[in-house]
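The file protein18.cif contains mmCIF, C-alpha atoms (C1' of nucleotides):
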data_run
#
loop_
_atom_site.group_PDB
_atom_site.id
_atom_site.type_symbol
_atom_site.label_atom_id
_atom_site.label_comp_id
_atom_site.auth_asym_id
_atom_site.auth_seq_id
_atom_site.Cartn_x
_atom_site.Cartn_y
_atom_site.Cartn_z
ATOM 1 C CA MET A 1 68.909 -38.147 -105.615
ATOM 2 C CA SER A 2 65.279 -38.029 -106.529
ATOM 3 C CA GLU A 3 63.244 -35.036 -105.501
ATOM 4 C CA PHE A 4 60.672 -37.390 -104.136
ATOM 5 C CA LYS A 5 62.169 -38.920 -101.066
ATOM 6 C CA SER A 6 59.381 -39.488 -98.651
ATOM 7 C CA ASP A 7 59.069 -38.268 -95.104
ATOM 8 C CA GLN A 8 61.950 -35.850 -95.369
ATOM 9 C CA TYR A 9 60.703 -32.628 -93.878
ATOM 10 C CA GLY A 10 62.890 -32.613 -90.851
ATOM 11 C CA PRO A 11 61.264 -31.776 -87.560
ATOM 12 C CA CYS A 12 58.073 -30.648 -89.261
ATOM 13 C CA THR A 13 55.599 -32.889 -87.517
ATOM 14 C CA VAL A 14 52.702 -30.682 -88.486
ATOM 15 C CA THR A 15 49.572 -31.949 -90.156
ATOM 16 C CA ILE A 16 51.882 -32.941 -92.971
ATOM 17 C CA LYS A 17 52.233 -36.623 -93.513
ATOM 18 C CA HIS A 18 53.212 -36.166 -97.146
ATOM 19 C CA GLY A 19 56.912 -35.925 -97.818
ATOM 20 C CA CYS A 20 56.324 -34.633 -101.309
ATOM 21 C CA PRO A 21 54.652 -31.287 -102.025
ATOM 22 C CA ILE A 22 52.964 -32.806 -105.062
ATOM 23 C CA GLU A 23 51.346 -35.537 -103.027
ATOM 24 C CA LEU A 24 50.373 -32.910 -100.527
ATOM 25 C CA ALA A 25 48.705 -30.698 -103.117
ATOM 26 C CA MET A 26 46.907 -33.639 -104.689
ATOM 27 C CA HIS A 27 45.684 -34.758 -101.312
ATOM 28 C CA ILE A 28 44.417 -31.347 -100.309
ATOM 29 C CA MET A 29 42.653 -30.699 -103.572
ATOM 30 C CA GLY A 30 41.730 -34.286 -104.283
ATOM 31 C CA GLY A 31 38.336 -34.177 -102.637
ATOM 32 C CA LYS A 32 35.621 -35.076 -105.063
ATOM 33 C CA TRP A 33 34.025 -31.619 -105.150
ATOM 34 C CA LYS A 34 36.835 -29.305 -104.142
ATOM 35 C CA GLY A 35 37.758 -28.406 -107.684
ATOM 36 C CA ILE A 36 34.222 -27.369 -108.502
ATOM 37 C CA ILE A 37 33.841 -25.446 -105.261
ATOM 38 C CA LEU A 38 37.068 -23.588 -105.840
ATOM 39 C CA SER A 39 36.042 -22.777 -109.382
ATOM 40 C CA LEU A 40 32.709 -21.403 -108.289
ATOM 41 C CA LEU A 41 34.262 -19.284 -105.569
ATOM 42 C CA SER A 42 36.904 -18.011 -107.962
ATOM 43 C CA LYS A 43 34.183 -16.031 -109.695
ATOM 44 C CA SER A 44 32.730 -14.487 -106.556
ATOM 45 C CA PRO A 45 32.100 -15.198 -102.892
ATOM 46 C CA MET A 46 28.989 -17.279 -102.366
ATOM 47 C CA TYR A 47 26.591 -18.264 -99.647
ATOM 48 C CA TYR A 48 26.326 -21.889 -98.620
ATOM 49 C CA ASN A 49 23.028 -22.472 -100.302
ATOM 50 C CA ALA A 50 24.113 -20.841 -103.525
ATOM 51 C CA ILE A 51 27.046 -23.215 -103.725
ATOM 52 C CA ARG A 52 24.747 -26.083 -103.035
ATOM 53 C CA ARG A 53 22.376 -25.072 -105.799
ATOM 54 C CA GLU A 54 25.247 -24.930 -108.278
ATOM 55 C CA ILE A 55 26.305 -28.468 -107.469
ATOM 56 C CA PRO A 56 23.331 -30.727 -107.934
ATOM 57 C CA GLY A 57 24.142 -34.159 -106.617
ATOM 58 C CA ILE A 58 26.073 -33.124 -103.548
ATOM 59 C CA THR A 59 24.503 -33.674 -100.146
ATOM 60 C CA GLN A 60 24.570 -31.149 -97.335
ATOM 61 C CA ARG A 61 26.791 -33.324 -95.261
ATOM 62 C CA ILE A 62 29.395 -33.729 -97.958
ATOM 63 C CA LEU A 63 29.329 -30.078 -98.949
ATOM 64 C CA THR A 64 29.867 -29.073 -95.351
ATOM 65 C CA LEU A 65 32.678 -31.568 -94.955
ATOM 66 C CA GLN A 66 34.483 -30.402 -98.063
ATOM 67 C CA LEU A 67 34.099 -26.766 -97.057
ATOM 68 C CA ARG A 68 35.397 -27.546 -93.572
ATOM 69 C CA ASP A 69 38.414 -29.288 -95.020
ATOM 70 C CA MET A 70 39.101 -26.385 -97.300
ATOM 71 C CA GLU A 71 38.730 -23.960 -94.435
ATOM 72 C CA LYS A 72 41.091 -25.955 -92.254
ATOM 73 C CA ASP A 73 43.578 -26.081 -95.112
ATOM 74 C CA GLY A 74 43.330 -22.342 -95.579
ATOM 75 C CA LEU A 75 41.801 -22.422 -99.048
ATOM 76 C CA VAL A 76 38.550 -20.693 -98.155
ATOM 77 C CA ALA A 77 37.295 -18.509 -95.344
ATOM 78 C CA ARG A 78 33.812 -18.125 -93.905
ATOM 79 C CA GLU A 79 31.891 -15.198 -92.614
ATOM 80 C CA GLU A 80 28.584 -15.460 -90.804
ATOM 81 C CA THR A 81 25.947 -12.756 -91.081
ATOM 82 C CA ASN A 82 23.815 -11.591 -88.201
ATOM 83 C CA ASP A 83 20.633 -12.169 -90.149
ATOM 84 C CA SER A 84 18.061 -14.563 -88.927
ATOM 85 C CA PRO A 85 18.149 -17.144 -90.221
ATOM 86 C CA LYS A 86 21.859 -16.580 -90.435
ATOM 87 C CA ARG A 87 23.749 -17.041 -93.661
ATOM 88 C CA VAL A 88 27.353 -18.006 -94.219
ATOM 89 C CA LEU A 89 29.481 -16.488 -96.917
ATOM 90 C CA TYR A 90 32.399 -18.437 -98.310
ATOM 91 C CA TYR A 91 35.246 -16.875 -100.238
ATOM 92 C CA LEU A 92 38.725 -17.770 -101.403
ATOM 93 C CA THR A 93 41.843 -16.948 -99.452
ATOM 94 C CA ASP A 94 45.085 -16.051 -101.188
ATOM 95 C CA LEU A 95 46.155 -19.660 -101.030
ATOM 96 C CA GLY A 96 42.909 -20.628 -102.678
ATOM 97 C CA GLU A 97 43.345 -18.014 -105.388
ATOM 98 C CA ASN A 98 46.805 -19.364 -106.022
ATOM 99 C CA PHE A 99 45.305 -22.648 -107.038
ATOM 100 C CA VAL A 100 42.952 -21.242 -109.643
ATOM 101 C CA PRO A 101 45.534 -21.155 -112.458
ATOM 102 C CA ILE A 102 46.341 -24.797 -111.787
ATOM 103 C CA LEU A 103 42.660 -25.552 -112.087
ATOM 104 C CA LYS A 104 42.675 -23.968 -115.513
ATOM 105 C CA SER A 105 45.643 -26.091 -116.570
ATOM 106 C CA LEU A 106 43.893 -29.190 -115.323
ATOM 107 C CA LYS A 107 40.827 -28.235 -117.317
ATOM 108 C CA GLN A 108 42.843 -27.792 -120.495
ATOM 109 C CA TRP A 109 44.619 -31.068 -119.981
ATOM 110 C CA GLY A 110 41.331 -32.832 -119.302
ATOM 111 C CA ASN A 111 39.955 -31.527 -122.550
ATOM 112 C CA ILE A 112 42.974 -32.742 -124.472
ATOM 113 C CA TYR A 113 42.391 -36.142 -122.941
ATOM 114 C CA ILE A 114 38.752 -36.102 -123.999
ATOM 115 C CA ASP A 115 39.648 -35.074 -127.527
ATOM 116 C CA LYS A 116 42.090 -37.936 -127.858
ATOM 117 C CA GLN A 117 39.466 -40.385 -126.689
ATOM 118 C CA GLU A 118 37.013 -39.118 -129.263
ATOM 119 C CA GLU A 119 39.616 -39.403 -131.996
ATOM 120 C CA GLY A 120 40.177 -42.990 -131.014
ATOM 121 C CA LEU A 121 36.496 -43.679 -131.492
ATOM 122 C CA LYS A 122 36.163 -42.280 -135.002
ATOM 123 C CA LYS A 123 38.902 -44.446 -136.469
ATOM 124 C CA MET B 1 25.591 -20.918 -116.683
ATOM 125 C CA SER B 2 28.317 -22.557 -114.731
ATOM 126 C CA GLU B 3 31.138 -24.271 -116.548
ATOM 127 C CA PHE B 4 30.778 -27.176 -114.199
ATOM 128 C CA LYS B 5 27.448 -28.747 -114.998
ATOM 129 C CA SER B 6 27.802 -32.437 -114.464
ATOM 130 C CA ASP B 7 27.143 -35.237 -116.904
ATOM 131 C CA GLN B 8 26.876 -32.973 -119.885
ATOM 132 C CA TYR B 9 28.929 -34.595 -122.576
ATOM 133 C CA GLY B 10 26.089 -35.565 -124.832
ATOM 134 C CA PRO B 11 26.242 -39.009 -126.350
ATOM 135 C CA CYS B 12 29.800 -39.536 -125.184
ATOM 136 C CA THR B 13 29.309 -42.718 -123.222
ATOM 137 C CA VAL B 14 32.995 -43.530 -123.311
ATOM 138 C CA THR B 15 35.036 -44.403 -120.271
ATOM 139 C CA ILE B 16 34.182 -40.913 -119.166
ATOM 140 C CA LYS B 17 31.894 -40.685 -116.211
ATOM 141 C CA HIS B 18 33.147 -37.245 -115.281
ATOM 142 C CA GLY B 19 31.210 -34.358 -116.761
ATOM 143 C CA CYS B 20 33.936 -31.922 -115.871
ATOM 144 C CA PRO B 21 37.426 -32.038 -117.374
ATOM 145 C CA ILE B 22 38.878 -30.956 -114.060
ATOM 146 C CA GLU B 23 37.292 -33.849 -112.209
ATOM 147 C CA LEU B 24 38.478 -36.088 -114.982
ATOM 148 C CA ALA B 25 42.068 -34.926 -114.725
ATOM 149 C CA MET B 26 42.049 -35.181 -110.949
ATOM 150 C CA HIS B 27 40.660 -38.668 -111.140
ATOM 151 C CA ILE B 28 43.179 -39.863 -113.702
ATOM 152 C CA MET B 29 46.148 -38.404 -111.879
ATOM 153 C CA GLY B 30 44.743 -38.870 -108.402
ATOM 154 C CA GLY B 31 46.274 -42.271 -107.796
ATOM 155 C CA LYS B 32 48.479 -42.240 -104.762
ATOM 156 C CA TRP B 33 51.735 -42.767 -106.668
ATOM 157 C CA LYS B 34 50.962 -41.500 -110.140
ATOM 158 C CA GLY B 35 52.483 -38.108 -109.539
ATOM 159 C CA ILE B 36 55.772 -39.596 -108.418
ATOM 160 C CA ILE B 37 55.820 -42.099 -111.253
ATOM 161 C CA LEU B 38 55.183 -39.389 -113.795
ATOM 162 C CA SER B 39 57.888 -37.226 -112.272
ATOM 163 C CA LEU B 40 60.419 -40.014 -112.413
ATOM 164 C CA LEU B 41 59.597 -40.880 -116.004
ATOM 165 C CA SER B 42 59.751 -37.231 -116.987
ATOM 166 C CA LYS B 43 63.509 -37.410 -116.483
ATOM 167 C CA SER B 44 64.062 -40.542 -118.529
ATOM 168 C CA PRO B 45 62.420 -43.833 -119.442
ATOM 169 C CA MET B 46 62.861 -46.439 -116.753
ATOM 170 C CA TYR B 47 62.604 -50.153 -116.243
ATOM 171 C CA TYR B 48 60.018 -51.523 -113.857
ATOM 172 C CA ASN B 49 62.511 -52.396 -111.175
ATOM 173 C CA ALA B 50 64.239 -49.048 -111.356
ATOM 174 C CA ILE B 51 60.926 -47.318 -110.733
ATOM 175 C CA ARG B 52 60.285 -49.643 -107.866
ATOM 176 C CA ARG B 53 63.633 -48.887 -106.287
ATOM 177 C CA GLU B 54 62.954 -45.168 -106.476
ATOM 178 C CA ILE B 55 59.692 -45.545 -104.614
ATOM 179 C CA PRO B 56 60.349 -47.338 -101.386
ATOM 180 C CA GLY B 57 57.092 -48.236 -99.749
ATOM 181 C CA ILE B 58 55.159 -49.241 -102.823
ATOM 182 C CA THR B 59 54.350 -52.897 -103.349
ATOM 183 C CA GLN B 60 54.681 -54.685 -106.649
ATOM 184 C CA ARG B 61 50.985 -55.135 -106.949
ATOM 185 C CA ILE B 62 50.247 -51.470 -106.468
ATOM 186 C CA LEU B 63 53.024 -50.310 -108.766
ATOM 187 C CA THR B 64 51.774 -52.611 -111.490
ATOM 188 C CA LEU B 65 48.208 -51.429 -110.994
ATOM 189 C CA GLN B 66 49.152 -47.777 -111.168
ATOM 190 C CA LEU B 67 51.256 -48.354 -114.272
ATOM 191 C CA ARG B 68 48.430 -50.288 -115.892
ATOM 192 C CA ASP B 69 46.020 -47.466 -115.182
ATOM 193 C CA MET B 70 48.424 -44.963 -116.611
ATOM 194 C CA GLU B 71 48.949 -47.104 -119.671
ATOM 195 C CA LYS B 72 45.222 -47.517 -120.215
ATOM 196 C CA ASP B 73 44.802 -43.765 -119.836
ATOM 197 C CA GLY B 74 47.537 -43.139 -122.369
ATOM 198 C CA LEU B 75 49.978 -41.451 -119.988
ATOM 199 C CA VAL B 76 52.755 -43.994 -120.322
ATOM 200 C CA ALA B 77 53.720 -46.714 -122.770
ATOM 201 C CA ARG B 78 55.592 -49.965 -122.245
ATOM 202 C CA GLU B 79 58.111 -51.853 -124.239
ATOM 203 C CA GLU B 80 59.273 -55.357 -123.442
ATOM 204 C CA THR B 81 62.782 -56.517 -124.208
ATOM 205 C CA ASN B 82 63.631 -59.949 -125.533
ATOM 206 C CA ASP B 83 66.106 -60.548 -122.753
ATOM 207 C CA SER B 84 65.658 -63.395 -120.391
ATOM 208 C CA PRO B 85 64.545 -62.619 -117.846
ATOM 209 C CA LYS B 86 62.633 -60.035 -119.785
ATOM 210 C CA ARG B 87 62.554 -56.424 -118.729
ATOM 211 C CA VAL B 88 59.904 -53.803 -119.329
ATOM 212 C CA LEU B 89 60.692 -50.226 -120.146
ATOM 213 C CA TYR B 90 58.185 -47.528 -119.278
ATOM 214 C CA TYR B 91 58.196 -44.073 -120.798
ATOM 215 C CA LEU B 92 55.897 -41.091 -121.082
ATOM 216 C CA THR B 93 53.582 -40.496 -124.008
ATOM 217 C CA ASP B 94 52.818 -37.010 -125.277
ATOM 218 C CA LEU B 95 49.788 -36.871 -123.055
ATOM 219 C CA GLY B 96 51.968 -37.771 -120.117
ATOM 220 C CA GLU B 97 54.524 -35.122 -121.017
ATOM 221 C CA ASN B 98 51.726 -32.598 -121.194
ATOM 222 C CA PHE B 99 51.041 -33.143 -117.548
ATOM 223 C CA VAL B 100 54.569 -32.476 -116.376
ATOM 224 C CA PRO B 101 54.198 -28.684 -116.218
ATOM 225 C CA ILE B 102 51.085 -29.100 -114.106
ATOM 226 C CA LEU B 103 53.095 -31.287 -111.788
ATOM 227 C CA LYS B 104 55.577 -28.470 -111.387
ATOM 228 C CA SER B 105 52.800 -26.030 -110.553
ATOM 229 C CA LEU B 106 51.425 -28.443 -108.000
ATOM 230 C CA LYS B 107 54.850 -28.739 -106.465
ATOM 231 C CA GLN B 108 55.228 -24.975 -106.187
ATOM 232 C CA TRP B 109 51.794 -24.627 -104.696
ATOM 233 C CA GLY B 110 52.476 -27.417 -102.231
ATOM 234 C CA ASN B 111 55.614 -25.638 -101.088
ATOM 235 C CA ILE B 112 53.737 -22.406 -100.578
ATOM 236 C CA TYR B 113 51.302 -24.334 -98.433
ATOM 237 C CA ILE B 114 54.118 -25.819 -96.379
ATOM 238 C CA ASP B 115 55.740 -22.421 -95.887
ATOM 239 C CA LYS B 116 52.488 -20.952 -94.618
ATOM 240 C CA GLN B 117 52.126 -23.762 -92.145
ATOM 241 C CA GLU B 118 55.613 -23.198 -90.814
ATOM 242 C CA GLU B 119 54.951 -19.480 -90.461
ATOM 243 C CA GLY B 120 51.896 -20.284 -88.426
ATOM 244 C CA LEU B 121 54.010 -22.309 -86.059
ATOM 245 C CA LYS B 122 56.626 -19.681 -85.320
ATOM 246 C CA LYS B 123 54.147 -17.081 -84.163
ATOM 247 C "C1'" DC C 1 62.442 -59.747 -113.646
ATOM 248 C "C1'" DT C 2 57.688 -58.633 -113.972
ATOM 249 C "C1'" DG C 3 53.858 -59.574 -112.711
ATOM 250 C "C1'" DA C 4 48.969 -62.314 -111.363
ATOM 251 C "C1'" DA C 5 45.967 -64.180 -107.518
ATOM 252 C "C1'" DT C 6 43.981 -63.811 -102.829
ATOM 253 C "C1'" DC C 7 42.562 -61.774 -99.020
ATOM 254 C "C1'" DC C 8 42.045 -57.867 -95.921
ATOM 255 C "C1'" DT C 9 41.649 -52.929 -94.137
ATOM 256 C "C1'" DT C 10 40.548 -48.308 -94.377
ATOM 257 C "C1'" DC C 11 38.080 -44.347 -95.287
ATOM 258 C "C1'" DA C 12 35.983 -40.988 -98.477
ATOM 259 C "C1'" DG C 13 31.723 -40.380 -99.932
ATOM 260 C "C1'" DG C 14 26.629 -40.966 -99.718
ATOM 261 C "C1'" DA C 15 21.362 -41.607 -97.913
ATOM 262 C "C1'" DT C 16 18.459 -40.066 -94.661
ATOM 263 C "C1'" DA C 17 16.557 -37.805 -90.804
ATOM 264 C "C1'" DC C 18 16.836 -34.254 -87.353
ATOM 265 C "C1'" DT C 19 18.056 -29.243 -85.208
ATOM 266 C "C1'" DG C 20 19.241 -24.237 -83.537
ATOM 267 C "C1'" DC D 1 19.498 -21.304 -93.529
ATOM 268 C "C1'" DA D 2 23.277 -24.007 -92.423
ATOM 269 C "C1'" DG D 3 24.346 -27.323 -90.543
ATOM 270 C "C1'" DT D 4 24.597 -32.430 -87.040
ATOM 271 C "C1'" DA D 5 23.944 -37.238 -86.179
ATOM 272 C "C1'" DT D 6 23.767 -42.107 -87.743
ATOM 273 C "C1'" DC D 7 24.385 -45.654 -90.533
ATOM 274 C "C1'" DC D 8 26.107 -47.753 -94.766
ATOM 275 C "C1'" DT D 9 28.749 -48.874 -99.127
ATOM 276 C "C1'" DG D 10 32.351 -49.181 -102.501
ATOM 277 C "C1'" DA D 11 36.597 -48.732 -104.168
ATOM 278 C "C1'" DA D 12 41.524 -47.774 -103.416
ATOM 279 C "C1'" DG D 13 45.327 -49.328 -101.416
ATOM 280 C "C1'" DG D 14 48.169 -52.878 -99.010
ATOM 281 C "C1'" DA D 15 50.347 -57.708 -97.307
ATOM 282 C "C1'" DT D 16 51.531 -61.858 -98.826
ATOM 283 C "C1'" DT D 17 52.173 -65.658 -101.784
ATOM 284 C "C1'" DC D 18 52.676 -67.879 -106.272
ATOM 285 C "C1'" DA D 19 54.167 -68.042 -111.501
ATOM 286 C "C1'" DG D 20 56.095 -67.543 -116.398
#

Serialized structure, structure tokens:
Amino acid sequence: MSEFKSDQYGPCTVTIKHGCPIELAMHIMGGKWKGIILSLLSKSPMYYNAIRREIPGITQRILTLQLRDMEKDGLVAREETNDSPKRVLYYLTDLGENFVPILKSLKQWGNIYIDKQEEGLKK
Amino acid sequence: MSEFKSDQYGPCTVTIKHGCPIELAMHIMGGKWKGIILSLLSKSPMYYNAIRREIPGITQRILTLQLRDMEKDGLVAREETNDSPKRVLYYLTDLGENFVPILKSLKQWGNIYIDKQEEGLKK
DNA sequence: CTGAATCCTTCAGGATACTG
DNA sequence: CAGTATCCTGAAGGATTCAG
């Protein structure tokens, strides 16, 4: 009766091991830096190094991994230039764009949470 | 210039180690079962065992841990009865309710994702 | 009925160095 | 510039058993 029965997507033996679309979305976007990356790219396409500069604290390896995940999941796309040394431009796909509003909601909710915590301190 | 500078909440040395409200929200709600729990409780308050029955595959330990997290984070509240054996009722707080719409968005987005995957298969 | 106590596994994320 | 290649760590989740 619940909408959250697990493993109920019929013959769909795709890459999907999550029965519930919510779990799926959380898993796809749950990477530590994916929210920030998506937010950055929502403003404009960016080259690899530009992204890296905007996220101090991330290593090359991790940035590449997160971008690869997001590419595989169809959130971002990449485009290599013919320059030398070559550069790689990343930009959001439609699916990626679709997530941006959710990101804004999450941000609002996060701020509410922070406010409540600060209230709790003053009392 | 970015809205996502990390560790920029001034003297706020609370439980908050996330500079960005988005990261914060993802971290709080990122627990493997928290989405499902929240969804269940959004329909009505529930006793511990009822929740457990609705989520086959979760162990007692994990369910308790997730509920404790959510209680600590102010998403749910608990109320013990005086029965014997005692029962514990869980229900959403305002903060928890505030997250429900986001859950719906995540669900929609997840379904879009699934549809796109299935398209890709038919071609 | 609702948990606490132990112990164990997995894997995302990170540090560092190297490359076309 | 945009990555690989190794190696390592911690924390989340899980299996199982015991308790008020």

field: Test item: the PyMOL selection byres ((chain D and resi 13) around 9) resolved as a list of chain:residue names
entry: B:Lys32, B:Ile62, C:DT9, C:DT10, D:DA12, D:DG14

Using all atoms listed in the file, select each residue of chain B with any atom at most 12 Å away from an atom of chain D, and give the selection as a compact mmCIF listing (two decimals) with C-alpha atoms, keeping the file's coordinate frame.
# COMPACT_ATOMS: atom_id res chain seq x y z
CA HIS B 27 40.66 -38.67 -111.14
CA GLY B 30 44.74 -38.87 -108.40
CA GLY B 31 46.27 -42.27 -107.80
CA LYS B 32 48.48 -42.24 -104.76
CA TRP B 33 51.74 -42.77 -106.67
CA GLY B 57 57.09 -48.24 -99.75
CA ILE B 58 55.16 -49.24 -102.82
CA THR B 59 54.35 -52.90 -103.35
CA GLN B 60 54.68 -54.68 -106.65
CA ARG B 61 50.98 -55.14 -106.95
CA ILE B 62 50.25 -51.47 -106.47
CA LEU B 63 53.02 -50.31 -108.77
CA LEU B 65 48.21 -51.43 -110.99
CA GLN B 66 49.15 -47.78 -111.17
CA SER B 84 65.66 -63.40 -120.39
CA PRO B 85 64.54 -62.62 -117.85
CA LYS B 86 62.63 -60.04 -119.78

task: Carefully work through the PyMOL selection byres ((chain A) within 10 of (chain B)) for this structure and note down the residues it includes, as a PyMOL selection string.
output: chain A and resi 1-6+9+12+14-16+20-37+39-40+54-57+73-75+95-96+98-99+101-114+116-118+121

message: As an exercise, work out the distance from atom CA of Ser42 of chain B to atom CA of Leu38 of chain A in Å and give it to one decimal place.
response: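 For atom CA of Ser42 of chain B relative to atom CA of Leu38 of chain A, the distance reads 28.7 Å.
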
message: Just to confirm, what's the straight-line distance from atom CA of Lys72 of chain B to atom CA of Arg52 of chain B in Å (one decimal)?
response: 19.6 Å

Chain and number of each residue from the PyMOL selection byres ((chain C) within 9 of (chain A)), as a compact mmCIF listing (two decimals) with C-alpha atoms (C1' of nucleotides), keeping the file's coordinate frame:
# COMPACT_ATOMS: atom_id res chain seq x y z
C1' DA C 12 35.98 -40.99 -98.48
C1' DG C 13 31.72 -40.38 -99.93
C1' DG C 14 26.63 -40.97 -99.72
C1' DA C 15 21.36 -41.61 -97.91

Coordinates of segment 4-17 of chain D, N, CA and C atoms (P, O5', C5', C4', C3', O3' and C1' of nucleotides), as a short mmCIF file (atom, residue, chain, number, x, y, z; two decimals), in the first residue's frame:
data_model
loop_
_atom_site.label_atom_id
_atom_site.label_comp_id
_atom_site.auth_asym_id
_atom_site.auth_seq_id
_atom_site.Cartn_x
_atom_site.Cartn_y
_atom_site.Cartn_z
P DT D 4 40.71 9.79 -16.54
"O5'" DT D 4 42.01 8.88 -16.70
"C5'" DT D 4 42.95 8.95 -15.70
"C4'" DT D 4 44.13 8.06 -15.98
"C3'" DT D 4 44.07 6.74 -15.22
"O3'" DT D 4 44.98 5.81 -15.81
"C1'" DT D 4 45.54 8.25 -14.13
P DA D 5 44.93 4.30 -15.31
"O5'" DA D 5 46.04 4.19 -14.17
"C5'" DA D 5 47.21 5.00 -14.17
"C4'" DA D 5 48.09 4.58 -12.99
"C3'" DA D 5 47.58 3.35 -12.25
"O3'" DA D 5 48.70 2.64 -11.71
"C1'" DA D 5 47.51 5.20 -10.79
P DT D 6 48.51 1.10 -11.29
"O5'" DT D 6 48.92 1.18 -9.74
"C5'" DT D 6 48.33 2.20 -8.93
"C4'" DT D 6 49.16 2.40 -7.69
"C3'" DT D 6 48.77 1.44 -6.56
"O3'" DT D 6 49.92 1.14 -5.77
"C1'" DT D 6 48.21 3.67 -5.96
P DC D 7 49.78 -0.07 -4.69
"O5'" DC D 7 49.48 0.74 -3.35
"C5'" DC D 7 50.25 1.91 -3.03
"C4'" DC D 7 49.60 2.65 -1.88
"C3'" DC D 7 48.97 1.73 -0.82
"O3'" DC D 7 49.48 2.07 0.47
"C1'" DC D 7 47.46 3.42 -1.47
P DC D 8 48.91 1.26 1.77
"O5'" DC D 8 47.93 2.35 2.39
"C5'" DC D 8 48.27 3.73 2.36
"C4'" DC D 8 47.18 4.53 3.05
"C3'" DC D 8 46.51 3.80 4.22
"O3'" DC D 8 46.48 4.65 5.34
"C1'" DC D 8 44.88 4.56 2.69
P DT D 9 45.99 4.03 6.75
"O5'" DT D 9 44.67 4.88 7.03
"C5'" DT D 9 44.65 6.29 6.80
"C4'" DT D 9 43.22 6.77 6.93
"C3'" DT D 9 42.49 6.15 8.11
"O3'" DT D 9 42.11 7.19 9.00
"C1'" DT D 9 41.19 5.97 6.11
P DG D 10 41.27 6.81 10.33
"O5'" DG D 10 39.79 7.32 9.99
"C5'" DG D 10 39.59 8.46 9.16
"C4'" DG D 10 38.13 8.59 8.81
"C3'" DG D 10 37.19 8.33 9.98
"O3'" DG D 10 36.09 9.23 9.91
"C1'" DG D 10 36.80 6.72 8.26
P DA D 11 35.11 9.35 11.18
"O5'" DA D 11 33.68 9.52 10.52
"C5'" DA D 11 33.57 9.66 9.10
"C4'" DA D 11 32.51 8.71 8.57
"C3'" DA D 11 31.40 8.41 9.58
"O3'" DA D 11 30.18 8.45 8.88
"C1'" DA D 11 32.26 6.41 8.75
P DA D 12 28.79 8.57 9.63
"O5'" DA D 12 27.80 7.81 8.66
"C5'" DA D 12 28.01 7.86 7.25
"C4'" DA D 12 27.52 6.56 6.64
"C3'" DA D 12 26.19 6.10 7.22
"O3'" DA D 12 25.31 5.78 6.15
"C1'" DA D 12 27.83 4.37 7.35
P DG D 13 23.77 5.45 6.44
"O5'" DG D 13 23.74 3.87 6.39
"C5'" DG D 13 24.26 3.21 5.24
"C4'" DG D 13 24.56 1.77 5.56
"C3'" DG D 13 23.39 0.98 6.13
"O3'" DG D 13 23.04 -0.03 5.20
"C1'" DG D 13 25.42 0.49 7.25
P DG D 14 21.78 -0.96 5.48
"O5'" DG D 14 22.44 -2.22 6.21
"C5'" DG D 14 23.27 -3.08 5.45
"C4'" DG D 14 23.82 -4.18 6.33
"C3'" DG D 14 22.76 -5.04 7.04
"O3'" DG D 14 22.99 -6.39 6.71
"C1'" DG D 14 24.47 -4.41 8.52
P DA D 15 21.85 -7.45 7.02
"O5'" DA D 15 22.57 -8.48 8.02
"C5'" DA D 15 23.97 -8.74 7.92
"C4'" DA D 15 24.37 -9.76 8.98
"C3'" DA D 15 23.22 -10.58 9.55
"O3'" DA D 15 23.70 -11.89 9.85
"C1'" DA D 15 24.16 -9.24 11.27
P DT D 16 22.68 -12.97 10.42
"O5'" DT D 16 22.93 -12.90 12.00
"C5'" DT D 16 24.28 -12.76 12.47
"C4'" DT D 16 24.30 -12.52 13.96
"C3'" DT D 16 23.17 -13.20 14.73
"O3'" DT D 16 23.74 -14.06 15.71
"C1'" DT D 16 23.48 -10.97 15.45
P DT D 17 22.77 -15.01 16.61
"O5'" DT D 17 22.95 -14.35 18.04
"C5'" DT D 17 24.24 -13.85 18.43
"C4'" DT D 17 24.11 -12.98 19.65
"C3'" DT D 17 23.14 -13.50 20.71
"O3'" DT D 17 23.77 -13.50 21.99
"C1'" DT D 17 22.71 -11.24 20.24
#
